[in-house]
file structure13.txt (compact mmCIF, C-alpha atoms and all ligand atoms)
# COMPACT_ATOMS: atom_id res chain seq x y z
CA MET A 1 -5.23 1.63 -16.47
CA LYS A 2 -8.77 0.69 -17.37
CA GLN A 3 -11.20 1.39 -14.51
CA TYR A 4 -13.14 -1.56 -13.15
CA LYS A 5 -15.96 -2.02 -10.72
CA LEU A 6 -14.33 -4.16 -8.07
CA LEU A 7 -16.45 -6.98 -6.69
CA ASN A 8 -13.52 -8.46 -4.80
CA PRO A 9 -13.48 -8.13 -1.00
CA GLY A 10 -11.18 -5.10 -0.92
CA PRO A 11 -9.27 -3.09 -1.85
CA ALA A 12 -12.64 -1.74 -2.88
CA CYS A 13 -13.78 1.00 -5.24
CA THR A 14 -13.22 4.43 -3.74
CA THR A 15 -14.76 7.80 -4.50
CA GLN A 16 -12.92 10.30 -6.67
CA THR A 17 -12.36 12.53 -3.63
CA VAL A 18 -10.64 9.68 -1.79
CA LYS A 19 -8.44 9.03 -4.83
CA ASP A 20 -7.62 12.72 -5.23
CA ALA A 21 -6.64 13.02 -1.57
CA MET A 22 -3.63 10.80 -2.31
CA VAL A 23 -2.09 13.42 -4.57
CA THR A 24 -3.48 16.76 -3.42
CA VAL A 25 -1.64 16.39 -0.13
CA GLY A 26 1.60 16.77 -2.09
CA ASP A 27 5.08 16.30 -0.64
CA VAL A 28 4.93 16.33 3.14
CA CYS A 29 7.32 15.60 5.94
CA PRO A 30 5.60 13.00 8.08
CA ARG A 31 7.32 14.35 11.18
CA GLU A 32 5.84 17.83 10.92
CA VAL A 33 2.97 18.92 13.11
CA GLU A 34 0.40 18.92 10.25
CA SER A 35 1.04 15.22 9.65
CA GLY A 36 0.73 14.54 13.38
CA ASP A 37 -2.57 16.42 13.47
CA LEU A 38 -3.84 14.42 10.51
CA MET A 39 -2.96 11.11 12.15
CA LYS A 40 -4.53 12.22 15.42
CA LYS A 41 -7.73 13.19 13.58
CA VAL A 42 -7.85 9.82 11.81
CA SER A 43 -7.25 7.91 15.01
CA ASP A 44 -9.93 9.93 16.86
CA ASP A 45 -12.44 9.43 14.04
CA ILE A 46 -11.87 5.68 14.10
CA LYS A 47 -12.37 5.51 17.85
CA THR A 48 -15.52 7.60 17.67
CA LEU A 49 -16.96 5.35 14.97
CA LEU A 50 -16.15 2.09 16.75
CA THR A 51 -16.77 2.72 20.43
CA SER A 52 -19.14 4.73 22.57
CA ASN A 53 -16.45 5.07 25.23
CA THR A 54 -13.43 6.59 23.51
CA ASP A 55 -11.57 7.22 26.78
CA GLN A 56 -11.11 3.52 27.35
CA TYR A 57 -9.53 2.70 23.99
CA GLU A 58 -6.41 3.56 22.06
CA CYS A 59 -6.03 3.32 18.30
CA ALA A 60 -2.73 2.29 16.71
CA LEU A 61 -2.01 2.86 13.03
CA LEU A 62 0.47 0.62 11.24
CA THR A 63 2.00 0.78 7.77
CA SER A 64 0.91 -2.63 6.49
CA SER A 65 -1.97 -4.50 4.99
CA GLY A 66 -4.64 -5.79 7.34
CA THR A 67 -2.67 -8.89 8.28
CA GLY A 68 -0.05 -6.68 9.93
CA ALA A 69 -2.69 -5.29 12.27
CA ILE A 70 -3.72 -8.78 13.40
CA GLU A 71 -0.08 -9.67 13.86
CA MET A 72 0.48 -6.51 15.91
CA ILE A 73 -2.12 -7.77 18.39
CA VAL A 74 -1.07 -11.41 18.41
CA SER A 75 2.65 -10.70 18.74
CA SER A 76 1.97 -8.30 21.63
CA LEU A 77 -0.22 -10.56 23.79
CA PRO A 78 0.78 -10.89 27.44
CA ARG A 79 3.53 -13.36 28.33
CA THR A 80 1.05 -15.54 30.21
CA ALA A 81 -1.57 -15.66 27.45
CA ARG A 82 -3.34 -18.91 26.70
CA VAL A 83 -5.53 -18.42 23.67
CA LEU A 84 -8.56 -20.27 22.36
CA ASN A 85 -8.59 -19.60 18.63
CA ILE A 86 -11.91 -20.15 16.88
CA ILE A 87 -11.44 -21.22 13.27
CA ASN A 88 -14.01 -21.57 10.51
CA GLY A 89 -12.11 -20.33 7.49
CA SER A 90 -8.74 -19.27 6.21
CA TYR A 91 -8.49 -16.06 8.25
CA GLY A 92 -8.93 -18.03 11.47
CA LYS A 93 -6.14 -20.29 10.19
CA ARG A 94 -3.97 -17.24 9.63
CA ILE A 95 -4.35 -16.23 13.30
CA GLN A 96 -3.39 -19.80 14.18
CA GLU A 97 -0.20 -19.51 12.13
CA MET A 98 0.70 -16.36 14.04
CA LEU A 99 0.02 -17.91 17.45
CA ASP A 100 2.29 -20.80 16.48
CA VAL A 101 5.06 -18.68 14.98
CA TYR A 102 5.21 -16.54 18.13
CA LYS A 103 4.92 -19.68 20.29
CA ILE A 104 1.95 -18.38 22.22
CA ASP A 105 0.25 -21.06 24.29
CA ASN A 106 -3.00 -21.91 22.51
CA GLU A 107 -5.66 -24.36 21.54
CA HIS A 108 -7.92 -24.06 18.58
CA ILE A 109 -11.39 -25.19 17.75
CA ASP A 110 -11.72 -25.95 14.08
CA PHE A 111 -15.20 -25.92 12.55
CA ASP A 112 -16.13 -26.75 9.00
CA GLU A 113 -15.88 -23.70 6.80
CA GLY A 114 -19.19 -21.93 7.01
CA SER A 115 -20.34 -23.36 10.33
CA LEU A 116 -19.85 -22.59 14.01
CA ASP A 117 -21.26 -24.17 17.16
CA LEU A 118 -21.44 -21.92 20.21
CA GLU A 119 -22.11 -24.81 22.54
CA GLN A 120 -18.85 -26.50 21.59
CA ILE A 121 -17.05 -23.25 22.29
CA TYR A 122 -18.82 -23.02 25.64
CA ASP A 123 -17.78 -26.57 26.53
CA ILE A 124 -14.13 -26.11 25.70
CA LEU A 125 -14.04 -22.88 27.72
CA ASP A 126 -15.77 -24.64 30.58
CA ASN A 127 -13.28 -27.51 30.60
CA SER A 128 -10.00 -25.70 30.32
CA GLU A 129 -8.42 -22.43 31.42
CA PHE A 130 -7.95 -19.72 28.83
CA THR A 131 -6.97 -16.08 29.12
CA HIS A 132 -7.91 -15.02 25.58
CA ILE A 133 -10.32 -15.87 22.76
CA SER A 134 -9.58 -14.96 19.16
CA VAL A 135 -12.23 -14.87 16.48
CA VAL A 136 -12.85 -13.55 12.98
CA HIS A 137 -16.11 -11.60 12.76
CA CYS A 138 -16.94 -11.88 9.06
CA GLU A 139 -15.02 -14.90 7.69
CA THR A 140 -14.38 -13.50 4.24
CA THR A 141 -13.44 -17.01 3.04
CA THR A 142 -17.11 -17.99 2.87
CA GLY A 143 -18.95 -14.80 3.79
CA ILE A 144 -20.32 -16.17 7.07
CA LEU A 145 -20.90 -13.65 9.83
CA ASN A 146 -19.87 -15.20 13.12
CA PRO A 147 -22.03 -14.42 16.19
CA LEU A 148 -19.69 -11.86 17.69
CA ARG A 149 -21.98 -10.57 20.40
CA LYS A 150 -22.53 -14.07 21.77
CA ILE A 151 -18.84 -14.95 21.62
CA CYS A 152 -18.15 -11.73 23.53
CA MET A 153 -20.66 -12.89 26.16
CA LEU A 154 -18.78 -16.18 26.47
CA ALA A 155 -15.52 -14.28 26.85
CA GLU A 156 -17.02 -12.30 29.68
CA LYS A 157 -18.49 -15.34 31.35
CA PHE A 158 -15.20 -17.22 31.26
CA ASN A 159 -13.10 -14.21 32.14
CA CYS A 160 -11.20 -14.08 28.88
CA GLU A 161 -10.01 -11.12 26.92
CA ILE A 162 -11.22 -11.19 23.33
CA LEU A 163 -9.46 -10.23 20.13
CA VAL A 164 -11.48 -9.75 16.98
CA ASP A 165 -10.42 -9.73 13.34
CA ALA A 166 -13.06 -7.33 12.03
CA MET A 167 -11.24 -6.65 8.79
CA SER A 168 -14.29 -7.12 6.58
CA SER A 169 -16.99 -6.06 9.05
CA ALA A 170 -15.83 -3.04 11.06
CA PHE A 171 -17.60 0.13 9.88
CA ALA A 172 -20.42 -1.83 8.21
CA TYR A 173 -21.81 -3.37 11.37
CA PRO A 174 -22.56 -1.32 14.47
CA ILE A 175 -19.81 -2.89 16.56
CA ASP A 176 -19.43 -0.92 19.79
CA LEU A 177 -16.21 -2.15 21.39
CA TYR A 178 -17.19 -0.85 24.79
CA ARG A 179 -20.69 -2.30 24.86
CA TYR A 180 -19.57 -5.61 23.36
CA GLY A 181 -16.62 -5.78 25.78
CA ILE A 182 -14.04 -6.20 23.01
CA ASP A 183 -10.43 -5.87 24.15
CA TYR A 184 -8.57 -5.85 20.85
CA LEU A 185 -9.92 -5.30 17.35
CA CYS A 186 -8.21 -4.93 14.01
CA CYS A 187 -9.31 -3.65 10.63
CA SER A 188 -7.71 -1.89 7.68
CA SER A 189 -7.90 1.17 5.47
CA ASN A 190 -9.10 -0.50 2.29
CA LYS A 191 -12.23 -2.50 2.93
CA ILE A 192 -15.46 -1.15 4.43
CA VAL A 193 -14.03 2.26 5.16
CA GLN A 194 -13.41 2.64 1.42
CA GLY A 195 -9.92 4.08 1.59
CA MET A 196 -6.64 3.04 -0.06
CA ALA A 197 -4.68 -0.07 0.91
CA GLY A 198 -1.64 0.33 3.11
CA LEU A 199 -2.73 0.99 6.66
CA GLY A 200 -3.50 -1.50 9.41
CA ILE A 201 -5.67 -0.32 12.30
CA VAL A 202 -5.69 -1.72 15.84
CA LEU A 203 -7.94 -0.75 18.72
CA VAL A 204 -6.98 -1.84 22.19
CA ARG A 205 -8.44 -1.33 25.63
CA LYS A 206 -6.14 1.11 27.44
CA GLU A 207 -5.96 -0.71 30.75
CA LEU A 208 -4.44 -3.78 29.05
CA LEU A 209 -1.41 -1.98 27.67
CA ASP A 210 0.84 -2.45 30.68
CA ASN A 211 0.59 -6.23 30.46
CA LEU A 212 1.47 -6.50 26.78
CA HIS A 213 4.66 -8.25 25.79
CA ALA A 214 6.46 -7.37 22.54
CA ARG A 215 7.76 -10.26 20.46
CA SER A 216 8.52 -8.05 17.44
CA VAL A 217 10.14 -4.64 17.14
CA TYR A 218 8.05 -3.22 14.31
CA LEU A 219 4.76 -4.66 15.56
CA ASP A 220 5.12 -3.64 19.20
CA LEU A 221 1.58 -2.46 20.06
CA LYS A 222 2.37 -0.96 23.43
CA SER A 223 5.29 1.11 22.17
CA GLN A 224 3.26 2.35 19.22
CA VAL A 225 0.33 3.41 21.39
CA ASN A 226 2.55 5.09 23.99
CA TYR A 227 4.61 6.89 21.37
CA PHE A 228 1.51 8.03 19.50
CA SER A 229 -0.25 9.35 22.58
CA LYS A 230 2.81 11.44 23.46
CA THR A 231 3.72 12.68 19.98
CA SER A 232 0.78 12.01 17.57
CA GLN A 233 3.41 10.23 15.48
CA MET A 234 3.85 6.65 14.34
CA ARG A 235 7.18 5.17 15.39
CA PHE A 236 8.25 4.53 11.79
CA THR A 237 7.60 6.39 8.55
CA PRO A 238 3.83 6.73 8.01
CA PRO A 239 2.24 6.69 4.53
CA VAL A 240 0.87 10.24 4.87
CA GLN A 241 -0.78 10.20 1.41
CA ILE A 242 -2.74 7.06 2.27
CA ILE A 243 -3.64 8.48 5.66
CA ASN A 244 -4.89 11.67 4.03
CA SER A 245 -7.16 9.70 1.75
CA LEU A 246 -8.30 7.62 4.73
CA SER A 247 -9.21 10.85 6.47
CA ILE A 248 -11.47 11.82 3.56
CA ALA A 249 -12.90 8.29 3.45
CA LEU A 250 -13.74 8.58 7.16
CA ASP A 251 -15.46 11.92 6.55
CA GLU A 252 -17.53 10.31 3.82
CA LEU A 253 -18.36 7.40 6.12
CA LYS A 254 -19.47 9.78 8.87
CA GLU A 255 -21.74 11.43 6.34
CA GLU A 256 -23.21 8.15 5.10
CA THR A 257 -23.17 6.76 8.69
CA ILE A 258 -22.42 3.14 9.57
CA LYS A 259 -26.14 2.42 9.50
CA GLY A 260 -26.44 3.92 6.02
CA ARG A 261 -23.47 1.95 4.78
CA TYR A 262 -24.89 -1.24 6.24
CA GLU A 263 -28.20 -0.61 4.52
CA ARG A 264 -26.57 0.10 1.16
CA TYR A 265 -24.47 -3.05 1.39
CA GLU A 266 -27.42 -5.12 2.54
CA TYR A 267 -29.46 -3.96 -0.41
CA LEU A 268 -26.69 -4.75 -2.91
CA ASN A 269 -25.91 -8.07 -1.26
CA THR A 270 -29.56 -9.18 -1.28
CA TYR A 271 -29.97 -8.11 -4.89
CA ILE A 272 -26.90 -10.08 -5.97
CA ARG A 273 -27.93 -13.18 -4.03
CA LEU A 274 -31.48 -13.25 -5.36
CA LYS A 275 -30.53 -12.59 -8.98
CA MET A 276 -27.64 -15.05 -8.93
CA GLU A 277 -29.90 -17.74 -7.46
CA ASP A 278 -32.44 -17.03 -10.22
CA LEU A 279 -29.64 -17.60 -12.70
CA GLY A 280 -28.82 -20.97 -11.18
CA PHE A 281 -25.97 -20.17 -8.81
CA GLU A 282 -26.50 -21.68 -5.38
CA SER A 283 -25.09 -19.70 -2.47
CA LEU A 284 -22.93 -21.54 0.04
CA ILE A 285 -24.18 -19.92 3.26
CA ASN A 286 -27.82 -19.34 4.26
CA LYS A 287 -28.95 -15.77 4.02
CA ASP A 288 -29.52 -15.60 7.79
CA GLU A 289 -25.91 -16.50 8.54
CA ASN A 290 -24.27 -14.66 5.69
CA SER A 291 -22.75 -11.21 6.03
CA VAL A 292 -23.91 -8.30 3.89
CA ILE A 293 -20.32 -8.02 2.62
CA ILE A 294 -19.61 -10.97 0.37
CA THR A 295 -21.35 -14.09 -0.92
CA SER A 296 -19.82 -17.40 -1.96
CA PHE A 297 -21.53 -19.21 -4.81
CA ILE A 298 -21.08 -22.88 -5.58
CA GLU A 299 -19.87 -23.42 -9.13
CA PRO A 300 -22.43 -25.29 -11.22
CA LYS A 301 -21.27 -28.48 -12.95
CA GLY A 302 -18.87 -27.73 -15.80
CA PHE A 303 -18.58 -24.06 -14.83
CA ASP A 304 -15.40 -22.37 -16.00
CA PHE A 305 -14.54 -19.63 -13.52
CA ASP A 306 -11.67 -18.26 -15.60
CA ALA A 307 -13.91 -17.78 -18.60
CA PHE A 308 -16.60 -16.19 -16.41
CA HIS A 309 -14.01 -13.88 -14.85
CA SER A 310 -12.60 -12.86 -18.24
CA TYR A 311 -16.02 -12.20 -19.75
CA LEU A 312 -17.03 -9.97 -16.84
CA LYS A 313 -13.69 -8.23 -16.83
CA VAL A 314 -14.09 -7.26 -20.47
CA HIS A 315 -17.35 -5.64 -19.40
CA GLY A 316 -15.72 -3.79 -16.52
CA TYR A 317 -16.32 -6.04 -13.49
CA VAL A 318 -13.81 -7.94 -11.37
CA VAL A 319 -15.13 -11.01 -9.54
CA TYR A 320 -13.13 -13.12 -7.13
CA PRO A 321 -12.19 -16.80 -6.93
CA GLY A 322 -13.31 -18.94 -4.00
CA LYS A 323 -11.26 -20.02 -1.03
CA VAL A 324 -13.32 -22.87 0.38
CA SER A 325 -11.61 -26.25 0.47
CA LYS A 326 -14.59 -28.62 0.17
CA TYR A 327 -16.46 -26.99 -2.70
CA GLN A 328 -15.56 -25.21 -5.88
CA THR A 329 -16.81 -21.71 -5.21
CA PHE A 330 -16.37 -18.16 -6.38
CA ARG A 331 -17.14 -14.97 -4.50
CA ILE A 332 -18.90 -11.74 -5.22
CA SER A 333 -18.34 -8.91 -2.82
CA ASN A 334 -20.41 -5.75 -2.74
CA ILE A 335 -18.30 -3.41 -0.63
CA GLY A 336 -16.88 -0.13 -1.85
CA ASN A 337 -18.29 2.86 -3.62
CA LEU A 338 -20.94 0.92 -5.54
CA LEU A 339 -24.45 1.93 -6.48
CA LYS A 340 -27.51 -0.11 -7.29
CA SER A 341 -27.07 0.73 -10.98
CA ASP A 342 -23.59 -0.87 -10.93
CA ILE A 343 -25.01 -4.09 -9.61
CA VAL A 344 -28.00 -4.11 -11.94
CA ASP A 345 -25.57 -3.70 -14.82
CA PHE A 346 -23.32 -6.44 -13.45
CA ILE A 347 -26.20 -8.91 -13.19
CA LYS A 348 -27.16 -8.12 -16.77
CA TYR A 349 -23.72 -9.37 -17.89
CA VAL A 350 -23.91 -12.46 -15.69
CA GLU A 351 -27.25 -13.24 -17.30
CA LYS A 352 -25.79 -12.78 -20.78
CA TYR A 353 -22.89 -15.02 -19.87
CA VAL A 354 -25.25 -17.72 -18.68
CA ILE A 355 -27.44 -17.45 -21.79
CA PHE A 356 -24.56 -17.54 -24.25
CA THR A 357 -22.39 -20.20 -22.65
CA THR A 358 -24.84 -22.88 -21.61
CA ARG A 359 -26.26 -25.29 -24.14
CA SER A 360 -29.66 -26.34 -22.96
C1 LIG A 401 -8.88 -8.98 4.10
C2 LIG A 401 -8.85 -9.69 5.38
C3 LIG A 401 -7.69 -9.76 6.16
C4 LIG A 401 -6.39 -9.08 5.82
O1 LIG A 401 -5.95 -9.18 4.57
P1 LIG A 401 -4.74 -8.28 3.99
O2 LIG A 401 -4.59 -8.88 2.65
O3 LIG A 401 -3.56 -8.44 4.84
O4 LIG A 401 -5.21 -6.85 3.97
C5 LIG A 401 -7.76 -10.40 7.38
N1 LIG A 401 -8.89 -10.94 7.82
C6 LIG A 401 -10.04 -10.88 7.13
C7 LIG A 401 -11.28 -11.46 7.71
C8 LIG A 401 -10.06 -10.25 5.88
O5 LIG A 401 -11.21 -10.19 5.19
call {"tool": "encode", "arguments": {"input": "structure13.txt", "output": "structure tokens"}}
result
Amino acid sequence: MKQYKLLNPGPACTTQTVKDAMVTVGDVCPREVESGDLMKKVSDDIKTLLTSNTDQYECALLTSSGTGAIEMIVSSLPRTARVLNIINGSYGKRIQEMLDVYKIDNEHIDFDEGSLDLEQIYDILDNSEFTHISVVHCETTTGILNPLRKICMLAEKFNCEILVDAMSSAFAYPIDLYRYGIDYLCCSSNKIVQGMAGLGIVLVRKELLDNLHARSVYLDLKSQVNYFSKTSQMRFTPPVQIINSLSIALDELKEETIKGRYERYEYLNTYIRLKMEDLGFESLINKDENSVIITSFIEPKGFDFDAFHSYLKVHGYVVYPGKVSKYQTFRISNIGNLLKSDIVDFIKYVEKYVIFTTRS
């Protein structure tokens, strides 16, 4: 297959070493001790990167895309849970679907896509009893970065546990679960960490495990954590090849550091935003509120996204359609193994597209 620079929000471009790790591992029995050691190493690396207090957290690995990791948390919430779900995009809606499917007592607060009002969240927490808050950190729908630290403070004030979908932010932002007071967090192998798709990741505060209540066999968080801590094994067949490449991706992340990755992404994101705005594409979310991960651009009048997509694809770049309901948008992500030169080259083609397809 032709190789592309992926500007979609994951699965992202990976390094050659991460790709090679899928095959160099060869045929392995997942139940042998080497596979267990590999999974233990990956789980320890993830904990070390995401919390300063690794003794208080457990990491569960799950064969699934990222959505499976969210569902592992939601379907395992305590029997008595009453959740306030904060929605300002399609991933918040996805958590809502799960809460409803599993018939977990909940209310939601639904903001316009791309906005969020902490005071309204405060008021609803102040006026009703909740045990849990669920929130998406970077709403990949628009690119907005929700104020996680402040929402964690509200959770603490109102005595709620908090679960965070950090699929498109974990490993790029310095989220410290312990210092933030996060109880459950999920992410995946194929976004910021720059590994292959196929593994969901859940972190959970250890002391909460006893109260969890399984509503699914495969997604039972407590059983997975308990089984893994005894055996270093997942309960069901693990994708060892993907886990091996994740292990290499984690090594590369440790070398770059989360701070370094953030800075690289921030640079690329700022470059894209400024150049696209120069070329007449208005961004949906203010720079101050936008993540460094992905930017939504409003389509100019008469813009043909399919033609734009095809033109860029011919030149080796994959851009992504929008997901916002009120506006016609498209998205450009800058995660993955991308360099400044890739983005400079990309913008050159956007500029050519604009020059050759507009009349005036
Ligand atoms: C990508 C993403 C997910 C999960 O998507 P999958 O397709 O299941 O991997 C969930 N939440 C957010 C915020 C995401 O960006």
call {"tool": "axis_aligned_box", "arguments": {"input": "structure13.txt", "around": "segment 255-269 of chain A", "padding_each_side": "3 Å", "output": "lines of an AutoDock Vina configuration file"}}
result
center_x = -25.6
center_y = 1.7
center_z = 3.3
size_x = 13.7
size_y = 25.5
size_z = 18.5
call {"tool": "residues_near_ligand", "arguments": {"input": "structure13.txt", "ligand": "ligand LIG 401 (chain A)", "cutoff": "6 Å", "atoms": "all atoms listed in the file", "output": "list in words"}}
result
Ser65, Gly66, Thr67, Tyr91, Val136, Cys138, Glu139, Thr140, Asp165, Met167 and Ser168 of chain A
call {"tool": "atom_distance", "arguments": {"input": "structure13.txt", "atom1": "atom CA of Val225 of chain A", "atom2": "atom CA of Ala69 of chain A"}}
result
13.0 Å
call {"tool": "atom_distance", "arguments": {"input": "structure13.txt", "atom1": "atom CA of Ser64 of chain A", "atom2": "atom CA of Phe130 of chain A"}}
result
29.5 Å
call {"tool": "residues_around", "arguments": {"input": "structure13.txt", "residues": "Asn226 of chain A", "least_positions_apart": "2", "cutoff": "12 Å", "atoms": "only C-alpha atoms", "output": "list of chain:residue names"}}
result
A:Glu58, A:Cys59, A:Ala60, A:Val204, A:Lys206, A:Leu209, A:Asp210, A:Leu212, A:Asp220, A:Leu221, A:Lys222, A:Ser223, A:Gln224, A:Phe228, A:Ser229, A:Lys230, A:Thr231, A:Ser232, A:Gln233, A:Met234, A:Arg235
call {"tool": "residues_around", "arguments": {"input": "structure13.txt", "residues": "Ile175 of chain A", "least_positions_apart": "3", "cutoff": "8 Å", "atoms": "all atoms listed in the file", "output": "tab-separated table (two decimals) with C-alpha atoms, in the frame of the given file"}}
result
chain	number	residue	atom	x	y	z
A	50	LEU	CA	-16.15	2.09	16.75
A	51	THR	CA	-16.77	2.72	20.43
A	170	ALA	CA	-15.83	-3.04	11.06
A	171	PHE	CA	-17.60	0.13	9.88
A	180	TYR	CA	-19.57	-5.61	23.36
call {"tool": "closest_residue", "arguments": {"input": "structure13.txt", "among": "A:Ile87, A:Val42, A:Val18, A:Ile70", "to": "Thr141 of chain A", "atoms": "only C-alpha atoms"}}
result
A:Ile87
call {"tool": "closest_residue", "arguments": {"input": "structure13.txt", "among": "A:Asp342, A:Asp55, A:Asp45, A:Glu113", "to": "Leu268 of chain A", "atoms": "all atoms listed in the file"}}
result
A:Asp342
call {"tool": "atom_distance", "arguments": {"input": "structure13.txt", "atom1": "atom CA of Gly336 of chain A", "atom2": "atom CA of Ile242 of chain A"}}
result
16.4 Å
call {"tool": "residues_around", "arguments": {"input": "structure13.txt", "residues": "Gln328 of chain A", "least_positions_apart": "6", "cutoff": "10 Å", "atoms": "all atoms listed in the file", "output": "list in words"}}
result
Ser296, Phe297, Ile298, Glu299, Pro300, Lys301, Phe303, Phe305, Pro321 and Gly322 of chain A
call {"tool": "closest_residue", "arguments": {"input": "structure13.txt", "among": "A:Met22, A:Ile124, A:Ala81, A:Ile347", "to": "Asn106 of chain A", "atoms": "all atoms listed in the file"}}
result
A:Ala81
call {"tool": "residues_around", "arguments": {"input": "structure13.txt", "residues": "Val319 of chain A", "least_positions_apart": "4", "cutoff": "9 Å", "atoms": "all atoms listed in the file", "output": "list in words"}}
result
Leu6, Leu7, Asn8, Phe308, His309, Leu312, Lys313, Phe330, Arg331, Ile332 and Ser333 of chain A
call {"tool": "build_atoms", "arguments": {"input": "structure13.txt", "residues": "segment 163-176 of chain A", "atoms": "N, CA, C and O atoms", "output": "mmCIF file, keeping the file's coordinate frame"}}
result
data_model
loop_
_atom_site.group_PDB
_atom_site.id
_atom_site.type_symbol
_atom_site.label_atom_id
_atom_site.label_comp_id
_atom_site.auth_asym_id
_atom_site.auth_seq_id
_atom_site.Cartn_x
_atom_site.Cartn_y
_atom_site.Cartn_z
ATOM 1 N N LEU A 163 -10.012 -10.982 21.257
ATOM 2 C CA LEU A 163 -9.460 -10.230 20.130
ATOM 3 C C LEU A 163 -10.213 -10.607 18.856
ATOM 4 O O LEU A 163 -10.519 -11.771 18.607
ATOM 5 N N VAL A 164 -10.566 -9.580 18.100
ATOM 6 C CA VAL A 164 -11.480 -9.750 16.980
ATOM 7 C C VAL A 164 -10.832 -9.252 15.684
ATOM 8 O O VAL A 164 -10.380 -8.112 15.597
ATOM 9 N N ASP A 165 -10.792 -10.145 14.696
ATOM 10 C CA ASP A 165 -10.420 -9.730 13.340
ATOM 11 C C ASP A 165 -11.711 -9.243 12.676
ATOM 12 O O ASP A 165 -12.562 -10.051 12.298
ATOM 13 N N ALA A 166 -11.847 -7.926 12.609
ATOM 14 C CA ALA A 166 -13.060 -7.330 12.030
ATOM 15 C C ALA A 166 -12.733 -6.656 10.707
ATOM 16 O O ALA A 166 -13.330 -5.651 10.331
ATOM 17 N N MET A 167 -11.762 -7.264 10.010
ATOM 18 C CA MET A 167 -11.240 -6.650 8.790
ATOM 19 C C MET A 167 -12.347 -6.353 7.788
ATOM 20 O O MET A 167 -12.355 -5.300 7.174
ATOM 21 N N SER A 168 -13.263 -7.312 7.618
ATOM 22 C CA SER A 168 -14.290 -7.120 6.580
ATOM 23 C C SER A 168 -15.644 -6.822 7.194
ATOM 24 O O SER A 168 -16.667 -6.996 6.531
ATOM 25 N N SER A 169 -15.685 -6.389 8.447
ATOM 26 C CA SER A 169 -16.990 -6.060 9.050
ATOM 27 C C SER A 169 -17.000 -4.715 9.763
ATOM 28 O O SER A 169 -18.036 -4.052 9.789
ATOM 29 N N ALA A 170 -15.863 -4.309 10.330
ATOM 30 C CA ALA A 170 -15.830 -3.040 11.060
ATOM 31 C C ALA A 170 -16.232 -1.912 10.126
ATOM 32 O O ALA A 170 -15.797 -1.875 8.972
ATOM 33 N N PHE A 171 -17.061 -1.043 10.586
ATOM 34 C CA PHE A 171 -17.600 0.130 9.880
ATOM 35 C C PHE A 171 -18.849 -0.196 9.043
ATOM 36 O O PHE A 171 -19.500 0.705 8.536
ATOM 37 N N ALA A 172 -19.166 -1.497 8.885
ATOM 38 C CA ALA A 172 -20.420 -1.830 8.210
ATOM 39 C C ALA A 172 -21.442 -2.301 9.235
ATOM 40 O O ALA A 172 -22.638 -2.150 9.044
ATOM 41 N N TYR A 173 -20.934 -2.911 10.298
ATOM 42 C CA TYR A 173 -21.810 -3.370 11.370
ATOM 43 C C TYR A 173 -21.633 -2.438 12.562
ATOM 44 O O TYR A 173 -20.522 -1.939 12.793
ATOM 45 N N PRO A 174 -22.670 -2.231 13.333
ATOM 46 C CA PRO A 174 -22.560 -1.320 14.470
ATOM 47 C C PRO A 174 -21.862 -1.966 15.657
ATOM 48 O O PRO A 174 -22.453 -2.186 16.698
ATOM 49 N N ILE A 175 -20.578 -2.285 15.474
ATOM 50 C CA ILE A 175 -19.810 -2.890 16.560
ATOM 51 C C ILE A 175 -19.435 -1.773 17.536
ATOM 52 O O ILE A 175 -18.771 -0.824 17.148
ATOM 53 N N ASP A 176 -19.847 -1.892 18.778
ATOM 54 C CA ASP A 176 -19.430 -0.920 19.790
ATOM 55 C C ASP A 176 -18.473 -1.663 20.742
ATOM 56 O O ASP A 176 -18.905 -2.486 21.549
#
